[in-house]
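Chemist: Contents of entry.tsv (TSV, C-alpha atoms) are given next:
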chain	number	residue	atom	x	y	z
W	53	MET	CA	-54.43	219.10	180.11
W	54	THR	CA	-58.17	219.18	180.15
W	55	ASN	CA	-59.75	215.79	179.90
W	56	PRO	CA	-62.70	215.45	177.59
W	57	ASP	CA	-63.83	212.20	179.07
W	58	GLY	CA	-63.80	211.30	182.71
W	59	GLU	CA	-63.83	207.58	182.11
W	60	ILE	CA	-60.90	207.63	179.78
W	61	ASN	CA	-58.92	209.65	182.21
W	62	LYS	CA	-59.72	207.19	184.94
W	63	VAL	CA	-58.55	204.33	182.81
W	64	ILE	CA	-55.38	206.10	181.82
W	65	GLY	CA	-54.67	206.91	185.40
W	66	LYS	CA	-54.98	203.25	186.17
W	67	VAL	CA	-52.54	202.20	183.52
W	68	ASN	CA	-49.86	204.78	183.81
W	69	PRO	CA	-48.22	204.28	187.23
W	70	ARG	CA	-47.58	200.66	186.42
W	71	TRP	CA	-46.12	201.72	183.15
W	72	ARG	CA	-43.90	204.31	184.70
W	73	THR	CA	-42.10	201.73	186.81
W	74	ALA	CA	-41.83	199.47	183.81
W	75	ILE	CA	-40.24	202.15	181.69
W	76	THR	CA	-37.66	203.06	184.27
W	77	ALA	CA	-36.79	199.41	184.71
W	78	GLU	CA	-36.60	198.94	181.00
W	79	PHE	CA	-34.29	201.73	180.07
W	80	ASP	CA	-31.51	201.68	182.56
W	81	SER	CA	-29.83	198.93	180.61
W	82	THR	CA	-27.97	201.06	178.08
W	83	PRO	CA	-26.91	204.65	177.83
W	84	LEU	CA	-27.90	204.53	174.19
W	85	ALA	CA	-31.49	203.70	174.96
W	86	LYS	CA	-31.53	206.46	177.51
W	87	PHE	CA	-30.39	208.91	174.91
W	88	ILE	CA	-33.24	207.98	172.64
W	89	SER	CA	-36.02	207.75	175.14
W	90	ALA	CA	-35.23	210.04	178.02
W	91	PRO	CA	-37.24	212.96	176.65
W	92	GLU	CA	-40.22	210.66	176.32
W	93	LEU	CA	-40.63	210.14	180.00
W	94	GLN	CA	-42.41	213.36	180.71
W	95	LYS	CA	-44.73	212.75	177.88
W	96	VAL	CA	-45.67	209.40	179.28
W	97	GLU	CA	-47.03	211.20	182.29
W	98	VAL	CA	-50.00	212.43	180.31
W	99	MET	CA	-50.11	209.89	177.58
W	100	ALA	CA	-47.17	208.15	176.02
W	101	GLY	CA	-46.04	209.24	172.63
W	102	HIS	CA	-43.39	210.86	170.59
W	103	ASP	CA	-41.10	213.48	171.87
W	104	ASP	CA	-42.61	216.82	171.10
W	105	SER	CA	-39.56	219.01	170.97
W	106	GLY	CA	-37.70	216.56	168.77
W	107	ALA	CA	-40.59	216.31	166.37
W	108	SER	CA	-40.97	220.04	166.01
W	109	GLY	CA	-37.27	220.45	165.46
W	110	LYS	CA	-37.34	217.87	162.73
W	111	LYS	CA	-40.34	219.28	161.01
W	112	SER	CA	-38.40	222.36	160.09
W	113	SER	CA	-35.74	220.38	158.32
W	114	GLU	CA	-36.31	218.82	154.93
W	115	ASN	CA	-35.43	215.24	155.78
W	116	GLU	CA	-37.92	214.18	158.38
W	117	VAL	CA	-36.88	211.27	160.56
W	118	PRO	CA	-39.62	209.26	162.14
W	119	THR	CA	-38.79	208.65	165.74
W	120	PHE	CA	-40.82	205.93	167.19
W	121	ASN	CA	-41.05	204.36	170.59
W	122	VAL	CA	-42.60	200.92	170.46
W	123	GLU	CA	-43.13	200.56	174.19
W	124	ASN	CA	-44.97	203.84	174.44
W	125	MET	CA	-47.16	202.89	171.56
W	126	GLN	CA	-48.02	199.61	173.18
W	127	SER	CA	-49.02	201.46	176.32
W	128	ASN	CA	-51.18	203.74	174.21
W	129	MET	CA	-52.83	200.78	172.57
W	130	LYS	CA	-53.54	199.38	176.00
W	131	VAL	CA	-55.23	202.63	176.95
W	132	VAL	CA	-57.32	202.48	173.81
W	133	TYR	CA	-58.27	198.91	174.57
W	134	TYR	CA	-59.28	199.74	178.14
W	135	SER	CA	-61.39	202.69	177.18
W	136	ARG	CA	-63.08	200.74	174.40
W	137	THR	CA	-63.95	197.89	176.74
W	138	PHE	CA	-65.23	200.27	179.35
W	139	MET	CA	-67.32	202.20	176.88
W	140	SER	CA	-68.75	199.06	175.30
W	141	ILE	CA	-69.87	197.75	178.70
W	142	ILE	CA	-71.42	201.08	179.64
W	143	GLY	CA	-72.99	201.41	176.21
W	144	GLY	CA	-74.43	197.92	176.48
W	145	VAL	CA	-76.04	198.66	179.80
W	146	ILE	CA	-77.48	201.92	178.49
W	147	ALA	CA	-78.82	200.30	175.34
W	148	GLY	CA	-80.41	197.55	177.41
W	149	ILE	CA	-82.05	199.90	179.86
W	150	LEU	CA	-83.42	202.08	177.12
W	151	GLY	CA	-84.82	198.96	175.51
W	152	PHE	CA	-83.27	199.08	172.08
W	153	THR	CA	-83.79	195.95	170.05
W	154	GLY	CA	-82.49	194.61	166.79
W	155	LEU	CA	-80.53	196.88	164.53
W	156	MET	CA	-81.03	199.85	166.79
W	157	GLY	CA	-78.73	198.35	169.41
W	158	PHE	CA	-75.92	197.93	166.95
W	159	VAL	CA	-76.40	201.49	165.83
W	160	VAL	CA	-75.95	202.46	169.47
W	161	TYR	CA	-72.76	200.42	169.57
W	162	LEU	CA	-71.44	202.19	166.50
W	163	LEU	CA	-72.36	205.51	168.07
W	164	VAL	CA	-70.62	204.66	171.33
W	165	MET	CA	-67.49	203.57	169.49
W	166	ALA	CA	-67.54	206.76	167.43
W	167	ILE	CA	-67.83	208.82	170.60
W	168	THR	CA	-64.93	206.90	172.10
W	169	SER	CA	-62.83	207.55	169.02
W	170	VAL	CA	-63.60	211.25	169.12
W	171	CYS	CA	-62.78	211.41	172.80
W	172	LEU	CA	-59.51	209.57	172.31
W	173	THR	CA	-58.62	211.93	169.51
W	174	ALA	CA	-59.38	214.89	171.73
W	175	LYS	CA	-57.33	213.30	174.48
W	176	ALA	CA	-54.42	213.05	172.08
W	177	GLY	CA	-54.79	216.74	171.37
W	178	PHE	CA	-56.00	216.10	167.80
W	179	SER	CA	-52.50	215.14	166.75
W	180	ILE	CA	-52.93	211.43	166.32
W	181	HIS	CA	-49.59	210.89	164.67
W	182	SER	CA	-47.64	211.97	167.70
W	183	TYR	CA	-49.27	209.24	169.73
W	184	PHE	CA	-50.15	206.48	167.28
W	185	ASP	CA	-48.69	205.30	164.04
W	186	SER	CA	-51.93	205.37	162.11
W	187	TRP	CA	-55.54	206.43	162.39
W	188	ASN	CA	-56.65	202.84	162.44
W	189	ARG	CA	-55.25	202.47	165.92
W	190	VAL	CA	-57.74	204.96	167.24
W	191	LEU	CA	-60.66	204.25	164.98
W	192	MET	CA	-60.61	200.49	164.58
W	193	ASP	CA	-58.66	198.67	167.25
W	194	GLY	CA	-60.72	196.77	169.77
W	195	PHE	CA	-63.88	197.26	167.78
W	196	LEU	CA	-64.77	193.60	167.52
W	197	GLY	CA	-63.40	192.74	170.94
W	198	GLY	CA	-65.79	195.16	172.56
W	199	LEU	CA	-68.76	193.84	170.62
W	200	LEU	CA	-69.00	190.66	172.68
W	201	SER	CA	-69.01	192.57	175.95
W	202	PHE	CA	-71.52	194.97	174.50
W	203	VAL	CA	-73.91	192.21	173.45
W	204	LEU	CA	-73.63	190.49	176.81
W	205	PHE	CA	-74.40	193.56	178.87
W	206	TRP	CA	-77.03	194.73	176.45
W	207	THR	CA	-78.81	191.39	176.77
W	208	PHE	CA	-78.41	191.37	180.52
W	209	ALA	CA	-79.81	194.83	181.09
W	210	TYR	CA	-82.54	194.37	178.51
W	211	ASP	CA	-83.69	191.14	180.06
W	212	ILE	CA	-83.72	192.48	183.57
W	213	VAL	CA	-85.65	195.60	182.68
W	214	HIS	CA	-87.93	194.59	179.83
W	215	ILE	CA	-88.45	190.87	179.45
W	216	PHE	CA	-89.66	189.79	182.84
H	117	MET	CA	-95.22	180.29	166.96
H	118	ALA	CA	-94.66	181.33	170.47
H	119	GLU	CA	-93.98	184.95	169.78
H	120	ASP	CA	-93.89	186.25	173.29
H	121	LEU	CA	-93.03	183.89	176.02
H	122	VAL	CA	-93.91	185.08	179.47
H	123	LEU	CA	-90.98	184.45	181.73
H	124	ASP	CA	-91.43	184.24	185.43
H	125	THR	CA	-89.69	186.97	187.39
H	126	ALA	CA	-88.43	184.23	189.68
H	127	ILE	CA	-86.26	183.06	186.80
H	128	ARG	CA	-84.68	186.46	186.69
H	129	ASP	CA	-84.11	186.57	190.43
H	130	TRP	CA	-82.93	183.00	190.85
H	131	VAL	CA	-81.33	182.09	187.57
H	132	LEU	CA	-80.20	185.01	185.45
H	133	ILE	CA	-78.77	187.30	188.09
H	134	PRO	CA	-77.18	184.60	190.29
H	135	LEU	CA	-75.60	182.97	187.28
H	136	SER	CA	-73.99	186.17	186.10
H	137	VAL	CA	-72.87	187.20	189.56
H	138	VAL	CA	-71.38	183.77	190.21
H	139	MET	CA	-69.52	183.90	186.93
H	140	VAL	CA	-67.97	187.24	187.83
H	141	LEU	CA	-67.11	186.15	191.35
H	142	ILE	CA	-65.57	182.90	190.16
H	143	GLY	CA	-63.46	184.83	187.71
H	144	VAL	CA	-62.19	187.04	190.52
H	145	LEU	CA	-61.64	184.08	192.80
H	146	ARG	CA	-59.71	182.24	190.13
H	147	TYR	CA	-57.51	185.24	189.63
H	148	PHE	CA	-56.55	185.40	193.28
H	149	VAL	CA	-56.16	181.65	193.66
H	150	SER	CA	-53.81	181.47	190.71
H	151	LYS	CA	-51.95	184.42	192.17
H	152	LEU	CA	-51.54	182.58	195.45
H	153	MET	CA	-50.41	179.40	193.80
H	154	ARG	CA	-47.87	181.11	191.63
H	155	THR	CA	-44.45	180.17	192.87
H	156	SER	CA	-41.91	182.90	192.57
H	157	GLN	CA	-39.05	180.93	191.17
H	158	LEU	CA	-35.63	182.45	191.35
H	159	PRO	CA	-34.60	183.38	187.85
H	160	ASP	CA	-31.34	182.04	186.61
H	161	ALA	CA	-28.71	184.76	186.54
H	162	LYS	CA	-27.28	183.57	183.26
H	163	ILE	CA	-30.61	183.63	181.47
H	164	ILE	CA	-31.39	187.10	182.77
H	165	LYS	CA	-28.00	188.31	181.66
H	166	GLU	CA	-28.42	186.95	178.18
H	167	GLY	CA	-31.87	188.42	177.94
H	168	GLN	CA	-30.54	191.83	178.88
H	169	VAL	CA	-27.76	191.55	176.32
H	170	ILE	CA	-30.32	190.78	173.66
H	171	ILE	CA	-32.41	193.76	174.67
H	172	ARG	CA	-29.39	196.01	174.50
H	173	ALA	CA	-28.42	194.69	171.10
H	174	ARG	CA	-31.94	195.21	169.88
H	175	ASN	CA	-31.94	198.77	171.14
H	176	LEU	CA	-28.70	199.40	169.35
H	177	ARG	CA	-30.13	198.00	166.14
H	178	ALA	CA	-33.28	200.08	166.41
H	179	ALA	CA	-31.43	203.29	167.14
H	180	ALA	CA	-28.42	202.66	164.93
H	181	ASN	CA	-29.03	205.68	162.75
H	182	PHE	CA	-29.06	208.14	165.58
H	183	ILE	CA	-25.43	207.70	166.52
H	184	PRO	CA	-22.43	208.50	164.36
H	185	ALA	CA	-21.00	205.79	162.16
H	186	LYS	CA	-17.88	205.46	164.24
H	187	ALA	CA	-19.78	205.01	167.46
H	188	PHE	CA	-22.05	202.48	165.84
H	189	ARG	CA	-19.13	200.45	164.50
H	190	ALA	CA	-17.49	200.42	167.89
H	191	ARG	CA	-20.65	199.22	169.54
H	192	ARG	CA	-21.27	196.61	166.92
H	193	LEU	CA	-17.80	195.27	167.37
H	194	TYR	CA	-18.39	195.13	171.09
H	195	TYR	CA	-21.40	192.91	170.54
H	196	THR	CA	-20.48	190.75	167.61
H	197	ASN	CA	-16.75	190.17	167.48
H	198	GLU	CA	-15.74	186.56	167.22
H	199	ASP	CA	-13.43	186.38	170.20
H	200	ASN	CA	-15.22	187.89	173.14
H	201	GLY	CA	-18.24	189.70	171.77
H	202	LEU	CA	-21.25	189.67	174.01
H	203	LEU	CA	-23.44	187.99	171.43
H	204	HIS	CA	-20.93	185.37	170.47
H	205	VAL	CA	-21.78	181.99	171.93
H	206	PRO	CA	-19.08	179.36	172.11
H	207	LYS	CA	-20.10	176.13	170.46
H	208	GLY	CA	-21.25	173.27	172.63
H	209	GLN	CA	-22.49	175.46	175.43
H	210	ALA	CA	-25.97	175.65	174.12
H	211	GLN	CA	-28.48	174.04	176.39
H	212	ASN	CA	-31.36	172.15	175.00
H	213	PRO	CA	-34.57	173.74	176.29
H	214	GLN	CA	-36.39	170.45	176.24
H	215	ALA	CA	-33.77	168.82	178.41
H	216	GLN	CA	-33.81	171.83	180.67
H	217	MET	CA	-37.53	171.46	181.08
H	218	PHE	CA	-37.26	167.84	182.07
H	219	SER	CA	-34.46	168.49	184.46
H	220	ASP	CA	-36.49	171.18	186.16
H	221	PRO	CA	-39.65	169.67	187.60
H	222	ASN	CA	-40.81	173.02	188.91
H	223	MET	CA	-41.52	174.16	185.41
H	224	ALA	CA	-43.88	171.34	184.55
H	225	MET	CA	-45.46	171.71	187.99
H	226	ASP	CA	-46.14	175.37	187.39
H	227	MET	CA	-47.66	174.68	184.04
H	228	MET	CA	-49.94	172.07	185.53
H	229	LYS	CA	-51.02	174.34	188.36
H	230	LYS	CA	-51.95	177.01	185.92
H	231	ASN	CA	-53.93	174.63	183.80
H	232	LEU	CA	-55.71	173.22	186.81
H	233	SER	CA	-56.61	176.63	188.16
H	234	MET	CA	-58.21	177.30	184.80
H	235	ILE	CA	-59.96	174.02	184.21
H	236	ILE	CA	-61.29	173.10	187.64
H	237	PRO	CA	-63.46	176.18	188.23
H	238	GLN	CA	-64.83	175.95	184.72
H	239	THR	CA	-65.79	172.32	185.10
H	240	LEU	CA	-67.32	172.99	188.49
H	241	THR	CA	-69.34	175.93	187.28
H	242	PHE	CA	-70.53	174.06	184.26
H	243	ALA	CA	-71.59	171.11	186.40
H	244	TRP	CA	-73.33	173.47	188.80
H	245	VAL	CA	-75.20	175.21	186.01
H	246	ASN	CA	-76.15	171.91	184.46
H	247	PHE	CA	-77.39	170.50	187.71
H	248	PHE	CA	-79.46	173.42	188.92
H	249	PHE	CA	-80.51	175.32	185.85
H	250	SER	CA	-80.80	172.86	183.02
H	251	GLY	CA	-83.76	173.48	180.79
H	252	PHE	CA	-84.53	177.04	181.79
H	253	VAL	CA	-85.22	179.70	179.27
H	254	ALA	CA	-83.22	182.28	181.08
H	255	ALA	CA	-82.89	185.24	178.77
H	256	LYS	CA	-83.83	186.75	175.46
H	257	ILE	CA	-81.32	188.48	173.29
H	258	PRO	CA	-82.71	191.72	171.93
H	259	PHE	CA	-81.98	191.04	168.28
H	260	PRO	CA	-83.23	188.37	165.88
H	261	LEU	CA	-81.03	185.54	164.74
H	262	THR	CA	-81.31	182.79	162.18
H	263	GLN	CA	-82.04	179.14	162.86
H	264	ARG	CA	-78.35	178.26	162.69
H	265	PHE	CA	-77.82	179.75	166.09
H	266	ARG	CA	-80.35	177.51	167.75
H	267	SER	CA	-77.84	174.90	168.84
H	268	MET	CA	-75.60	177.63	170.16
H	269	LEU	CA	-78.17	179.63	172.07
H	270	GLN	CA	-80.64	176.98	173.15
H	271	ASN	CA	-78.29	174.36	174.39
H	272	GLY	CA	-80.31	172.09	176.62
H	273	ILE	CA	-83.76	172.90	175.26
H	274	ASP	CA	-85.05	170.49	172.66
H	275	LEU	CA	-87.93	172.51	171.29
H	276	SER	CA	-87.88	173.65	167.72
H	277	THR	CA	-90.81	176.05	168.06
H	278	VAL	CA	-89.23	178.42	170.54
H	279	ASP	CA	-88.01	181.62	168.96
H	280	VAL	CA	-84.25	181.51	168.45
H	281	SER	CA	-83.58	184.67	170.36
H	282	TYR	CA	-84.48	182.99	173.63
H	283	VAL	CA	-81.40	181.78	175.45
H	284	SER	CA	-81.21	178.75	177.66
H	285	SER	CA	-79.39	178.97	180.96
H	286	ARG	CA	-76.57	176.76	179.80
H	287	SER	CA	-75.97	178.94	176.78
H	288	TRP	CA	-76.18	182.01	178.98
H	289	TYR	CA	-73.31	180.46	180.91
H	290	PHE	CA	-71.28	180.22	177.73
H	291	LEU	CA	-72.13	183.76	176.71
H	292	ASN	CA	-70.93	184.92	180.10
H	293	LEU	CA	-67.78	182.88	179.82
H	294	PHE	CA	-66.73	184.71	176.68
H	295	GLY	CA	-68.30	188.09	177.17
H	296	LEU	CA	-66.95	188.75	180.64
H	297	ARG	CA	-63.37	188.71	179.47
H	298	GLY	CA	-63.47	192.44	178.83
H	299	LEU	CA	-64.90	193.11	182.27
H	300	PHE	CA	-62.18	191.03	183.91
H	301	SER	CA	-59.48	192.93	182.12
H	302	LEU	CA	-61.02	196.10	183.52
H	303	ILE	CA	-61.46	195.04	187.14
H	304	LEU	CA	-58.44	192.78	187.53
H	305	GLY	CA	-55.88	194.70	185.57
H	306	GLU	CA	-54.12	193.53	182.48
H	307	GLU	CA	-52.63	190.32	183.79
H	308	ASN	CA	-55.79	188.54	184.77
H	309	ALA	CA	-56.32	184.86	184.81
H	310	THR	CA	-58.28	184.80	181.62
H	311	ASP	CA	-55.37	185.28	179.27
H	312	ASP	CA	-53.75	182.05	180.24
H	313	THR	CA	-52.76	181.45	176.69
H	314	GLN	CA	-50.53	184.50	176.80
H	315	ARG	CA	-48.99	183.38	180.04
H	316	MET	CA	-48.37	179.99	178.50
H	317	MET	CA	-46.48	181.70	175.71
H	318	GLN	CA	-44.37	183.51	178.24
H	319	MET	CA	-43.75	180.28	180.08
H	320	SER	CA	-42.52	178.54	177.00
H	321	GLY	CA	-40.53	181.66	176.18
H	322	PHE	CA	-38.80	181.37	179.51
H	323	GLY	CA	-37.10	178.16	178.59
H	324	PHE	CA	-35.98	179.55	175.27
H	325	ASP	CA	-32.77	178.57	173.64
H	326	PRO	CA	-30.42	181.43	174.49
H	327	SER	CA	-27.74	180.57	171.99
H	328	LYS	CA	-30.21	180.60	169.14
H	329	SER	CA	-31.64	184.01	169.89
H	330	LEU	CA	-28.19	185.37	170.60
H	331	GLY	CA	-27.05	184.11	167.22
H	332	ALA	CA	-30.09	185.57	165.49
H	333	GLU	CA	-29.52	188.91	167.13
H	334	LYS	CA	-25.87	188.80	166.12
H	335	ASP	CA	-26.80	188.17	162.48
H	336	GLY	CA	-29.32	190.98	162.61
H	337	LEU	CA	-26.76	193.35	163.99
H	338	ASP	CA	-24.22	192.29	161.40
H	339	ILE	CA	-26.36	193.20	158.43
H	340	VAL	CA	-27.52	196.59	159.68
H	341	GLN	CA	-26.74	199.27	157.13
H	342	HIS	CA	-25.67	202.29	159.02
H	343	ASP	CA	-27.17	205.50	157.72
H	344	TRP	CA	-26.49	208.54	159.84
H	345	VAL	CA	-29.72	210.51	159.88
H	346	LEU	CA	-28.53	213.65	161.59
H	347	PRO	CA	-25.79	214.87	159.27
H	348	LYS	CA	-26.48	218.55	159.78
H	349	PHE	CA	-27.16	218.05	163.41
H	350	GLU	CA	-24.58	220.51	164.68
H	351	GLU	CA	-25.51	223.25	162.25
H	352	ARG	CA	-29.11	222.89	163.23
H	353	ALA	CA	-28.34	222.99	166.90
H	354	GLU	CA	-26.21	226.05	166.32
H	355	ALA	CA	-29.01	227.76	164.42
H	356	VAL	CA	-31.47	227.03	167.18
H	357	LEU	CA	-29.12	228.30	169.84
H	358	ARG	CA	-28.37	231.46	167.90
H	359	LYS	CA	-32.04	232.11	167.53
H	360	ARG	CA	-32.40	231.73	171.25
H	361	LEU	CA	-29.63	234.21	171.89
H	362	SER	CA	-30.78	236.89	169.49
Write out the structure in this file as structure tokens.

Modeler:
Amino acid sequence: MTNPDGEINKVIGKVNPRWRTAITAEFDSTPLAKFISAPELQKVEVMAGHDDSGASGKKSSENEVPTFNVENMQSNMKVVYYSRTFMSIIGGVIAGILGFTGLMGFVVYLLVMAITSVCLTAKAGFSIHSYFDSWNRVLMDGFLGGLLSFVLFWTFAYDIVHIF
Amino acid sequence: MAEDLVLDTAIRDWVLIPLSVVMVLIGVLRYFVSKLMRTSQLPDAKIIKEGQVIIRARNLRAAANFIPAKAFRARRLYYTNEDNGLLHVPKGQAQNPQAQMFSDPNMAMDMMKKNLSMIIPQTLTFAWVNFFFSGFVAAKIPFPLTQRFRSMLQNGIDLSTVDVSYVSSRSWYFLNLFGLRGLFSLILGEENATDDTQRMMQMSGFGFDPSKSLGAEKDGLDIVQHDWVLPKFEERAEAVLRKRLS
């Protein structure tokens, strides 16, 4: 899988090994759970999500059954959160160094978040619904949480470079 | 109006940067100190067992529709039957979590340690900032704000003519306190010392009333309507296999 964004990949690489141990610990409790989630494990390797083969098999039939793995989705959300935080910090530093003030800085924040969303979508192979339950997860989550970090680092970089 | 204050570069070198660096370092230090102080208490085998049973029952409930009706009924009986089902708790065995907490002094001790490791560095840093840097205009936020923010951003400066976007050192401390949370979650991993509230929830969850959650899970399992979602499962598998062969 080609990664569109080096940072995101780094973050995902940080999250996943921890998750892999967690998932193996989690699912040896019942054979039933194993039946449901065993095919997921390979998918977790890249990015957790639905089982591909199962989904494609179901698409052909008329009654589509949504299979859904909550743990994998939580891990995905964590990845989204990490990449958003990372990008907001980097974006804040860049906005500060370039000396944006006022509304312009927030426009930069919006831009950075949009870029992050696009990159996450590309990372998910443009099939959001096999990794998240709705578009809002990719587009909206962590938007406000990153704003505080953004403002802090924006102020910090701006002050260091421009004010003094 | 003082439109453009000229700030000394010494303020940058001796107030702004040290303050931020110290905040980050104290966050890291607090993380490791709380990690050191964390006692690894031996979990009670009974509690672990009950927790696992609940997880299994929950998995069964979530995946009920993917197994045949007969298999589901058998499993449900295994969990919920009144004689020796796994989820059935005999009356009178339930342990009061409050009493358990009092009987176990380690628990309260742990809680206190965690609180202290949170509060002490914050108080110390605040005192340090107050003592050394009170009254400095340390930074300027790059966007305009209304007068309402004056008390928030210029804590420690009693001048009403200074433009609101200038930040006093004490307020810069507060900004750091909140804004660095994202950075900590990046450099310290997900379980950093800053989300103590979450850990507190887990702590209180540890002394949970097992009989109550077992009972709730039993009720939940009892009312599950089984609806087999793969009725033509075998035909479909056959079709796929035939396609493979031909």

Chemist: Counting all atoms listed in the file, which residue out of W:Ile212, W:Ile167, W:Leu196, W:Val160 sits closest to chain H?

Modeler: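 Smallest distance to chain H is found for W:Ile212.
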
Chemist: Distance limit 8 Å, atoms considered: all atoms listed in the file. Which chain H residues sit that close to chain W? Return them as a JSON list (two decimals) with C-alpha atoms, in the coordinates of the input.

Modeler:
[["chain", "number", "residue", "atom", "x", "y", "z"],
["H", 122, "VAL", "CA", -93.91, 185.08, 179.47],
["H", 123, "LEU", "CA", -90.98, 184.45, 181.73],
["H", 124, "ASP", "CA", -91.43, 184.24, 185.43],
["H", 125, "THR", "CA", -89.69, 186.97, 187.39],
["H", 128, "ARG", "CA", -84.68, 186.46, 186.69],
["H", 168, "GLN", "CA", -30.54, 191.83, 178.88],
["H", 172, "ARG", "CA", -29.39, 196.01, 174.50],
["H", 175, "ASN", "CA", -31.94, 198.77, 171.14],
["H", 176, "LEU", "CA", -28.70, 199.40, 169.35],
["H", 179, "ALA", "CA", -31.43, 203.29, 167.14],
["H", 255, "ALA", "CA", -82.89, 185.24, 178.77],
["H", 256, "LYS", "CA", -83.83, 186.75, 175.46],
["H", 257, "ILE", "CA", -81.32, 188.48, 173.29],
["H", 258, "PRO", "CA", -82.71, 191.72, 171.93],
["H", 259, "PHE", "CA", -81.98, 191.04, 168.28],
["H", 260, "PRO", "CA", -83.23, 188.37, 165.88],
["H", 291, "LEU", "CA", -72.13, 183.76, 176.71],
["H", 292, "ASN", "CA", -70.93, 184.92, 180.10],
["H", 294, "PHE", "CA", -66.73, 184.71, 176.68],
["H", 295, "GLY", "CA", -68.30, 188.09, 177.17],
["H", 296, "LEU", "CA", -66.95, 188.75, 180.64],
["H", 297, "ARG", "CA", -63.37, 188.71, 179.47],
["H", 298, "GLY", "CA", -63.47, 192.44, 178.83],
["H", 299, "LEU", "CA", -64.90, 193.11, 182.27],
["H", 301, "SER", "CA", -59.48, 192.93, 182.12],
["H", 302, "LEU", "CA", -61.02, 196.10, 183.52],
["H", 345, "VAL", "CA", -29.72, 210.51, 159.88]]

Chemist: Between CA of Val283 (chain H) and CA of Ser136 (chain H), measure the distance and give it in Å to one decimal.

Modeler: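 Interatomic distance, CA of Val283 (chain H) to CA of Ser136 (chain H): 13.7 Å.
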
Chemist: Do you have the CA of Ile303 (chain H)-CA of Gly143 (chain W) distance handy?

Modeler: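 CA of Gly143 (chain W) lies 17.1 Å from CA of Ile303 (chain H).
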
Chemist: When you look at region 231-246 of chain H with a cut-off of 7 Å (counting all atoms listed in the file), what residues show up, excluding the ones that are within fewer than 5 positions of it in the same chain? I need them as number ranges by chain.

Modeler: H: 146, 150, 286

Chemist: What's the separation between CA of Ser182 (chain W) and CA of Gln126 (chain W), in Å to one decimal place?

Modeler: 13.5 Å

Chemist: Please enclose the listed atoms of region 242-248 of chain H in an axis-aligned box, pad each side by 3 Å, and write out the centre and the three edge lengths in Å, rounded to one decimal, as AutoDock Vina command-line options.

Modeler:
--center_x -75.0 --center_y 172.9 --center_z 186.6 --size_x 14.9 --size_y 10.7 --size_z 10.7

Chemist: Write out as a list in words each polymer residue whose atoms come within 12 Å of Ala332 (chain H), counting all atoms listed in the file; drop sequence neighbours fewer than 4 positions from it.

Modeler: Ile170, Ala173, Arg174, Thr196, Leu203, His204, Val205, Asp325, Pro326, Ser327, Lys328, Gly336, Leu337, Asp338 and Ile339 of chain H

Chemist: How would the residues just picked look written out with C-alpha atoms as a PDB file, keeping the file's coordinate frame?

Modeler:
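The resulting file, result-v2.pdb, is reproduced below:
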ATOM      1  CA  ILE H 170     -30.320 190.780 173.660  1.00  0.00           C
ATOM      2  CA  ALA H 173     -28.420 194.690 171.100  1.00  0.00           C
ATOM      3  CA  ARG H 174     -31.940 195.210 169.880  1.00  0.00           C
ATOM      4  CA  THR H 196     -20.480 190.750 167.610  1.00  0.00           C
ATOM      5  CA  LEU H 203     -23.440 187.990 171.430  1.00  0.00           C
ATOM      6  CA  HIS H 204     -20.930 185.370 170.470  1.00  0.00           C
ATOM      7  CA  VAL H 205     -21.780 181.990 171.930  1.00  0.00           C
ATOM      8  CA  ASP H 325     -32.770 178.570 173.640  1.00  0.00           C
ATOM      9  CA  PRO H 326     -30.420 181.430 174.490  1.00  0.00           C
ATOM     10  CA  SER H 327     -27.740 180.570 171.990  1.00  0.00           C
ATOM     11  CA  LYS H 328     -30.210 180.600 169.140  1.00  0.00           C
ATOM     12  CA  GLY H 336     -29.320 190.980 162.610  1.00  0.00           C
ATOM     13  CA  LEU H 337     -26.760 193.350 163.990  1.00  0.00           C
ATOM     14  CA  ASP H 338     -24.220 192.290 161.400  1.00  0.00           C
ATOM     15  CA  ILE H 339     -26.360 193.200 158.430  1.00  0.00           C
TER      16      ILE H 339
END

Chemist: Please provide as a list in words all residues within 10 Å of Ile127 (chain H), with the sequence filter that same-chain residues fewer than 3 positions apart are discarded (counting all atoms listed in the file).

Modeler: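 In the requested format, the answer is Phe216 of chain W; Leu123, Asp124, Trp130, Val131, Leu132, Ile133, Pro134, Phe249, Phe252, Val253, Ala254, Ala255 and Ser285 of chain H.
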
Chemist: Find the residues near Ile149 (chain W): any atom within 7 Å, counting all atoms listed in the file, skip ones fewer than 2 places away on the same chain, and give them as number ranges by chain.

Modeler: W: 145-147, 151, 209-210, 213

Chemist: Please fill the gaps in region 148-152 of chain W so it has N, CA and C atoms, and write that as an mmCIF file, in the frame of the given file.

Modeler:
data_model
loop_
_atom_site.group_PDB
_atom_site.id
_atom_site.type_symbol
_atom_site.label_atom_id
_atom_site.label_comp_id
_atom_site.auth_asym_id
_atom_site.auth_seq_id
_atom_site.Cartn_x
_atom_site.Cartn_y
_atom_site.Cartn_z
ATOM 1 N N GLY W 148 -79.452 198.492 176.837
ATOM 2 C CA GLY W 148 -80.410 197.550 177.410
ATOM 3 C C GLY W 148 -81.479 198.245 178.218
ATOM 4 N N ILE W 149 -81.081 199.210 179.010
ATOM 5 C CA ILE W 149 -82.050 199.900 179.860
ATOM 6 C C ILE W 149 -83.032 200.701 179.025
ATOM 7 N N LEU W 150 -82.525 201.314 177.976
ATOM 8 C CA LEU W 150 -83.420 202.080 177.120
ATOM 9 C C LEU W 150 -84.278 201.189 176.234
ATOM 10 N N GLY W 151 -83.949 199.884 176.212
ATOM 11 C CA GLY W 151 -84.820 198.960 175.510
ATOM 12 C C GLY W 151 -84.674 198.941 174.019
ATOM 13 N N PHE W 152 -83.470 199.176 173.526
ATOM 14 C CA PHE W 152 -83.270 199.080 172.080
ATOM 15 C C PHE W 152 -83.219 197.625 171.679
#
